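Data block below; observations after.
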Amino acid sequence: MEEQQDFVKDITKMSDDFDRWYTDVVRKAELADWSGVRGMMVVRPYGWAMWEAIQRAFDDMIKESGHENWAFPLLIPREFLMKEAEHVEGFAPEVAWVTKAGARMEELEDPLAVRPTSETIIGAIIKRYIQSHRDLPKLTNQWNSVVRWEMRSRLFLRSREFWWQEGHTFHASAQEGMDEANLILGYYRSIAEEWLAVPVLVGRKSPSETFPGAVYTLALEGLMRDGLALQMGTSHYFGQNFARAYDISFSNKDNERELCYSTSWGISTRMVGAIVMAHGDDSGLIVPPKVAPVQVVVVPIFRDADSRTKVEKFINSWAPELKAAGIRFRVDWRDERPGDKYAHWELKGVPLRLNVGGRDADAGQVEMVDRLSREKRSLPVAGLAQALEGELEKFQSRLFERAQAFQRANTFELGTLDEVIAHFRERGGFVWVQWCGDEAEEARVKTDAGGVTIRTIDESAKVSGQCFVCGRPAKMRVALAKAY
RNA sequence: CGGGCGGUAGCUUAGCUCGGAAAAGCGCCUGGUUUGGGACCAGGAGACCGCGAGUUCAAAUCUCGCCCGCCCGACCA
């Protein structure tokens with residue numbers, strides 16, 4: 001531990017102040033920054049590259065299942081926004097409006113909303129393209145940014161603008177719509193667990209946390225290292241609510257007019273914040289190999305021009321092999337001392353580092369250090385690419401297992417509200433309880449237990465006990481947590 | 001959006017009480033010695049002191065307004 005502290009100069013220790021640690025890591029690892037405009041962030045290349053990896057993965061998944069990318073307008077006429085009552089009410093506090101335009105800042109006759117999400121404008125537009133059941137399902141998605149006028153900002157977790165994908169689909173039956181919401185939830189789970197190595201609880205949201213206008217909302221909840229939950233994605237089933245408001249209808253096989261069933265779903269750049277908070281440590285980031293902008297960094301070690309040449313030739317003898325294998329690697333030839341480079345790439349969370357000096361060149365091997373254990377091992381250069389691919393896979397699963405173990409160690413089962421209150425006075429994590437479903441009780445828990453909310457409802461669970469608040473027969477099993 | 005705190009070089013900060021020549025460490029640049037876990041020597045560059053008004057002979061320093069950030073609350077992908 002003592003030694004490890006010596007590795008770190010630039011960031012607040014996680015145990016001293018988690019929030020400052022988070023901000024330090026995001027900024028020092030060059031993921032993102034504030035822009036000078038309140039609440040508006042700039043995502044830097046290293047952070048954006050992680051988002052791009054997520055984009056690619058998810059885009060492939062939805063294309064495979066027949067979804068298509070569209071681009072819909074940034075600005076939404078007020079009348080479009082106003083049609084679905086619950087939706088309007090839910091988003092009203094967060095909408096930014098364009099009210100003036102032109103050199104003379106002339107007042108617009110009809111203010112335009114900057115999209116906080118696009119259900120309304122897509123609903124208003126998509127109906128043109130839907131006439132018959134033969135036009136369904138209509139599976140749309142767009143990659144964009146949205147604006148929500150937040151009062152409090154944190155990099156990646158809550159900014160006034162954030163980048164995401166929003167999928168909007170339209171179906172001929174309720175079942176199809178519900179299946180779609182489930183399908184996407186499964187994709188999201190795969191992104192979280194298989195790509196980001198963050199284990200998640202998946203389930204339904206309580207009514208108070210349901211998306212405005214939705215019949216129900218499904219969501220992913222990850223557990224961060226400070227014991228707080230983070231919502232990492234949502235998938236909503238709307239039934240016919242939006243179709244009714246926007247008159248999105250089709251002729252069914254019996255030539256009857258019918259309203260569509262719709263869904264929407266999104267994951268955002270918040271995912272990058274989840275990577276930081278689910279895996280990071282006092283030395284900085286730890287990036288899952290599958291989304292790592294740099295998977296393997298090579299630090300050459302040499303004394304003079306001759307030994308540099310020797311090391312360089314050695315590296316060049318196997319580097320093309322890594323490239324051909326599709327490994328994202330970088331050789332750090334910067335004019336720094338090796339120790340600086342070690343610290344630098346650890347802060348950036350690169351999974352594997354190869355220290356390569358004259359001794360290694362002579363022996364035909366490299367010294368490999370992984371970001372999780374920091375143990376040094378020698379690998380022969382024969383078959384290096386293949387070996388590294390295996391190491392990256394192992395790293396990915398070790399990271400996931402570590403996060404799983406953390407989640408397990410911080411998941412509890414309690415029986416009464418008093419126990420819940422006592423628990424959250426001491427620590428965080430997920431607490432499973434059985435609940436009767438009374439909304440007033442949910443609000444009471446939030447007040448009495450200091451901001452604890454129902455993160456997810458496990459619909460598959462059999463319930464037999466008593467409600468943790470009122471003692472009446474419970475109807476569902478829910479996970480409680482304090483959340484971001 | 002309310003309450004509290006803050007903004008001085010790329011970063012972290014001192015200076016502000018009590019107005020009077022803008023400082024330090026780290027980082028950066030150049031040269032040299034170095035290089036297997038955050039080196040050293042020498043030289044150098046870099047600051048509309050957040051922005052705008054005001055008070056004053058004189059403002060980083062005092063006053064007011066605004067902008068941006070942090071913490072706490074209410075609200076939240």
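By order of appearance in the structure tokens: chains A, B, ..., then residues from 1 within every chain, and ligands from 1 in the order shown.
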
Practice prompt. With a distance cut-off of 6 Å and only C-alpha atoms (C1' of nucleotides), select the neighbouring residues of segment 157-167 of chain A, excluding the residue or stretch itself and same-chain residues fewer than 5 positions from it, and output the selection as JSON, numbers by chain.
Written response: {"A": [39, 40, 140, 141, 142, 143, 144, 145, 146, 147, 148, 149, 150, 264, 265, 266, 267, 268, 269, 270]}

Worksheet item: Given a cut-off of 12 Å, which residues of chain B touch chain A, counting only C-alpha atoms (C1' of nucleotides), written out as a PyMOL selection string?
Response: chain B and resi 1-2+11-12+26-27+33-39+50+67-77

Discussion item. Quick one: residues within 12 Å of G65 of chain B, only C-alpha atoms (C1' of nucleotides), excluding same-chain residues fewer than 6 positions away - as a VMD selection string?
Written reply: chain B and resid 51 to 54

Practice prompt. Do a neighbour search on Val369 of chain A at 7 Å with only C-alpha atoms (C1' of nucleotides), toss out local chain neighbours closer than 4 positions, and write the hits as a PyMOL selection string.
Written response: chain A and resi 352-354+374-377

Store the residues picked out above, limited to N, CA, C and O atoms, as a compact mmCIF listing (two decimals), in the first residue's frame.
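Resulting contents of result.txt:
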# COMPACT_ATOMS: atom_id res chain seq x y z
N LEU A 352 -2.61 -3.33 -20.27
CA LEU A 352 -1.33 -4.04 -20.25
C LEU A 352 -0.19 -3.11 -20.66
O LEU A 352 -0.33 -2.31 -21.58
N ARG A 353 0.93 -3.26 -19.97
CA ARG A 353 2.11 -2.49 -20.33
C ARG A 353 3.27 -3.46 -20.57
O ARG A 353 3.41 -4.43 -19.84
N LEU A 354 4.02 -3.18 -21.62
CA LEU A 354 5.20 -3.98 -21.89
C LEU A 354 6.43 -3.12 -21.66
O LEU A 354 6.60 -2.09 -22.31
N ARG A 374 -0.47 -5.43 -11.16
CA ARG A 374 0.85 -4.80 -11.26
C ARG A 374 2.00 -5.81 -11.17
O ARG A 374 3.15 -5.44 -10.98
N GLU A 375 1.67 -7.07 -11.31
CA GLU A 375 2.73 -8.08 -11.28
C GLU A 375 3.46 -8.12 -12.62
O GLU A 375 2.86 -7.92 -13.66
N LYS A 376 4.76 -8.37 -12.51
CA LYS A 376 5.57 -8.41 -13.72
C LYS A 376 5.76 -9.86 -14.16
O LYS A 376 6.06 -10.73 -13.35
N ARG A 377 5.61 -10.06 -15.46
CA ARG A 377 5.80 -11.40 -16.01
C ARG A 377 6.54 -11.28 -17.32
O ARG A 377 6.39 -10.30 -18.03

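Taking atom CA of Arg308 of chain A and atom CA of Ala363 of chain A as endpoints, the distance between them is 16.1 Å.
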
Discussion item. Give me, as a VMD selection string, all polymer residues having an atom no more than 10 Å from Pro473 of chain A, counting only C-alpha atoms (C1' of nucleotides) and skipping those fewer than 4 positions away in the same chain.
Written reply: chain A and resid 434 to 436 463 to 468

Just the selected residues (N, CA, C and O atoms), exported as a compact mmCIF listing (two decimals), in the first residue's frame, please.
# COMPACT_ATOMS: atom_id res chain seq x y z
N GLN A 434 -38.66 -6.60 0.45
CA GLN A 434 -39.95 -6.92 -0.15
C GLN A 434 -40.90 -5.77 0.14
O GLN A 434 -40.91 -5.21 1.24
N TRP A 435 -41.69 -5.45 -0.87
CA TRP A 435 -42.46 -4.19 -0.80
C TRP A 435 -43.88 -4.43 -1.29
O TRP A 435 -44.10 -5.26 -2.20
N CYS A 436 -44.81 -3.67 -0.71
CA CYS A 436 -46.22 -3.83 -1.09
C CYS A 436 -46.58 -3.00 -2.31
O CYS A 436 -47.61 -3.21 -2.93
N VAL A 463 -42.55 -13.72 -4.37
CA VAL A 463 -42.64 -12.93 -3.15
C VAL A 463 -43.62 -13.57 -2.18
O VAL A 463 -44.74 -13.92 -2.55
N SER A 464 -43.16 -13.73 -0.94
CA SER A 464 -44.04 -14.39 0.02
C SER A 464 -44.09 -13.66 1.37
O SER A 464 -44.99 -13.89 2.16
N GLY A 465 -43.13 -12.76 1.59
CA GLY A 465 -43.02 -12.16 2.92
C GLY A 465 -43.87 -10.93 3.11
O GLY A 465 -44.88 -10.72 2.43
N GLN A 466 -43.43 -10.09 4.06
CA GLN A 466 -44.17 -8.89 4.39
C GLN A 466 -43.44 -7.66 3.86
O GLN A 466 -42.23 -7.66 3.73
N CYS A 467 -44.23 -6.61 3.59
CA CYS A 467 -43.65 -5.36 3.13
C CYS A 467 -42.72 -4.79 4.20
O CYS A 467 -43.07 -4.76 5.38
N PHE A 468 -41.55 -4.32 3.79
CA PHE A 468 -40.55 -3.84 4.76
C PHE A 468 -40.98 -2.54 5.44
O PHE A 468 -40.44 -2.18 6.48

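Between atom CA of Glu442 of chain A and atom CA of His236 of chain A the separation is 21.0 Å.
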
Item to complete: Mind checking which residues fall within 9 Å of Leu185 of chain A, counting only C-alpha atoms (C1' of nucleotides), ignoring those fewer than 5 positions away in the same chain, and posting them as number ranges by chain?
Response: A: 180, 190, 202-203, 218-220, 233-235, 265

Emit the selected residues as a PDB file, in the first residue's frame, including N, CA and C atoms.
ATOM      1  N   GLU A 180     -39.545  -5.712 -27.795  1.00  0.00           N
ATOM      2  CA  GLU A 180     -38.493  -4.783 -28.222  1.00  0.00           C
ATOM      3  C   GLU A 180     -37.805  -4.159 -27.003  1.00  0.00           C
ATOM      4  N   SER A 190     -25.536  -6.413 -22.069  1.00  0.00           N
ATOM      5  CA  SER A 190     -24.327  -6.923 -22.682  1.00  0.00           C
ATOM      6  C   SER A 190     -23.253  -5.829 -22.801  1.00  0.00           C
ATOM      7  N   VAL A 202     -30.820  -5.605 -13.513  1.00  0.00           N
ATOM      8  CA  VAL A 202     -31.758  -5.167 -14.537  1.00  0.00           C
ATOM      9  C   VAL A 202     -33.175  -5.433 -14.035  1.00  0.00           C
ATOM     10  N   GLY A 203     -34.046  -4.510 -14.328  1.00  0.00           N
ATOM     11  CA  GLY A 203     -35.419  -4.705 -13.887  1.00  0.00           C
ATOM     12  C   GLY A 203     -36.268  -3.496 -14.209  1.00  0.00           C
ATOM     13  N   LEU A 218     -37.746   0.021 -18.082  1.00  0.00           N
ATOM     14  CA  LEU A 218     -36.761  -0.975 -17.662  1.00  0.00           C
ATOM     15  C   LEU A 218     -35.411  -0.272 -17.576  1.00  0.00           C
ATOM     16  N   ALA A 219     -34.576  -0.713 -16.666  1.00  0.00           N
ATOM     17  CA  ALA A 219     -33.307  -0.006 -16.503  1.00  0.00           C
ATOM     18  C   ALA A 219     -32.197  -0.915 -16.009  1.00  0.00           C
ATOM     19  N   LEU A 220     -30.973  -0.404 -16.180  1.00  0.00           N
ATOM     20  CA  LEU A 220     -29.761  -1.046 -15.678  1.00  0.00           C
ATOM     21  C   LEU A 220     -29.248  -0.229 -14.509  1.00  0.00           C
ATOM     22  N   GLY A 233     -28.698   2.961 -18.160  1.00  0.00           N
ATOM     23  CA  GLY A 233     -29.426   2.839 -19.415  1.00  0.00           C
ATOM     24  C   GLY A 233     -30.881   2.575 -19.115  1.00  0.00           C
ATOM     25  N   THR A 234     -31.750   3.041 -20.017  1.00  0.00           N
ATOM     26  CA  THR A 234     -33.186   2.801 -19.801  1.00  0.00           C
ATOM     27  C   THR A 234     -33.854   2.409 -21.103  1.00  0.00           C
ATOM     28  N   SER A 235     -34.875   1.581 -20.969  1.00  0.00           N
ATOM     29  CA  SER A 235     -35.643   1.106 -22.116  1.00  0.00           C
ATOM     30  C   SER A 235     -37.122   1.200 -21.730  1.00  0.00           C
ATOM     31  N   TRP A 265     -35.462   4.086 -26.010  1.00  0.00           N
ATOM     32  CA  TRP A 265     -34.390   3.555 -25.163  1.00  0.00           C
ATOM     33  C   TRP A 265     -33.110   4.330 -25.422  1.00  0.00           C
TER      34      TRP A 265
END

Worksheet item: Could you pull out all residues of segment 169-358 of chain A with a DSSP call of alpha helix (DSSP H) and give them as JSON, numbers by chain?
Response: {"A": [174, 175, 176, 177, 178, 179, 180, 181, 182, 183, 184, 185, 186, 187, 188, 189, 190, 241, 242, 243, 244, 245, 246, 270, 271, 272, 273, 274, 275, 276, 277, 278, 279, 305, 306, 307, 308, 309, 310, 311, 312, 313, 314, 315, 316, 317, 318, 319, 320, 321, 322, 323, 324, 338, 339, 340, 341, 342, 343, 344, 345, 346, 347, 358]}
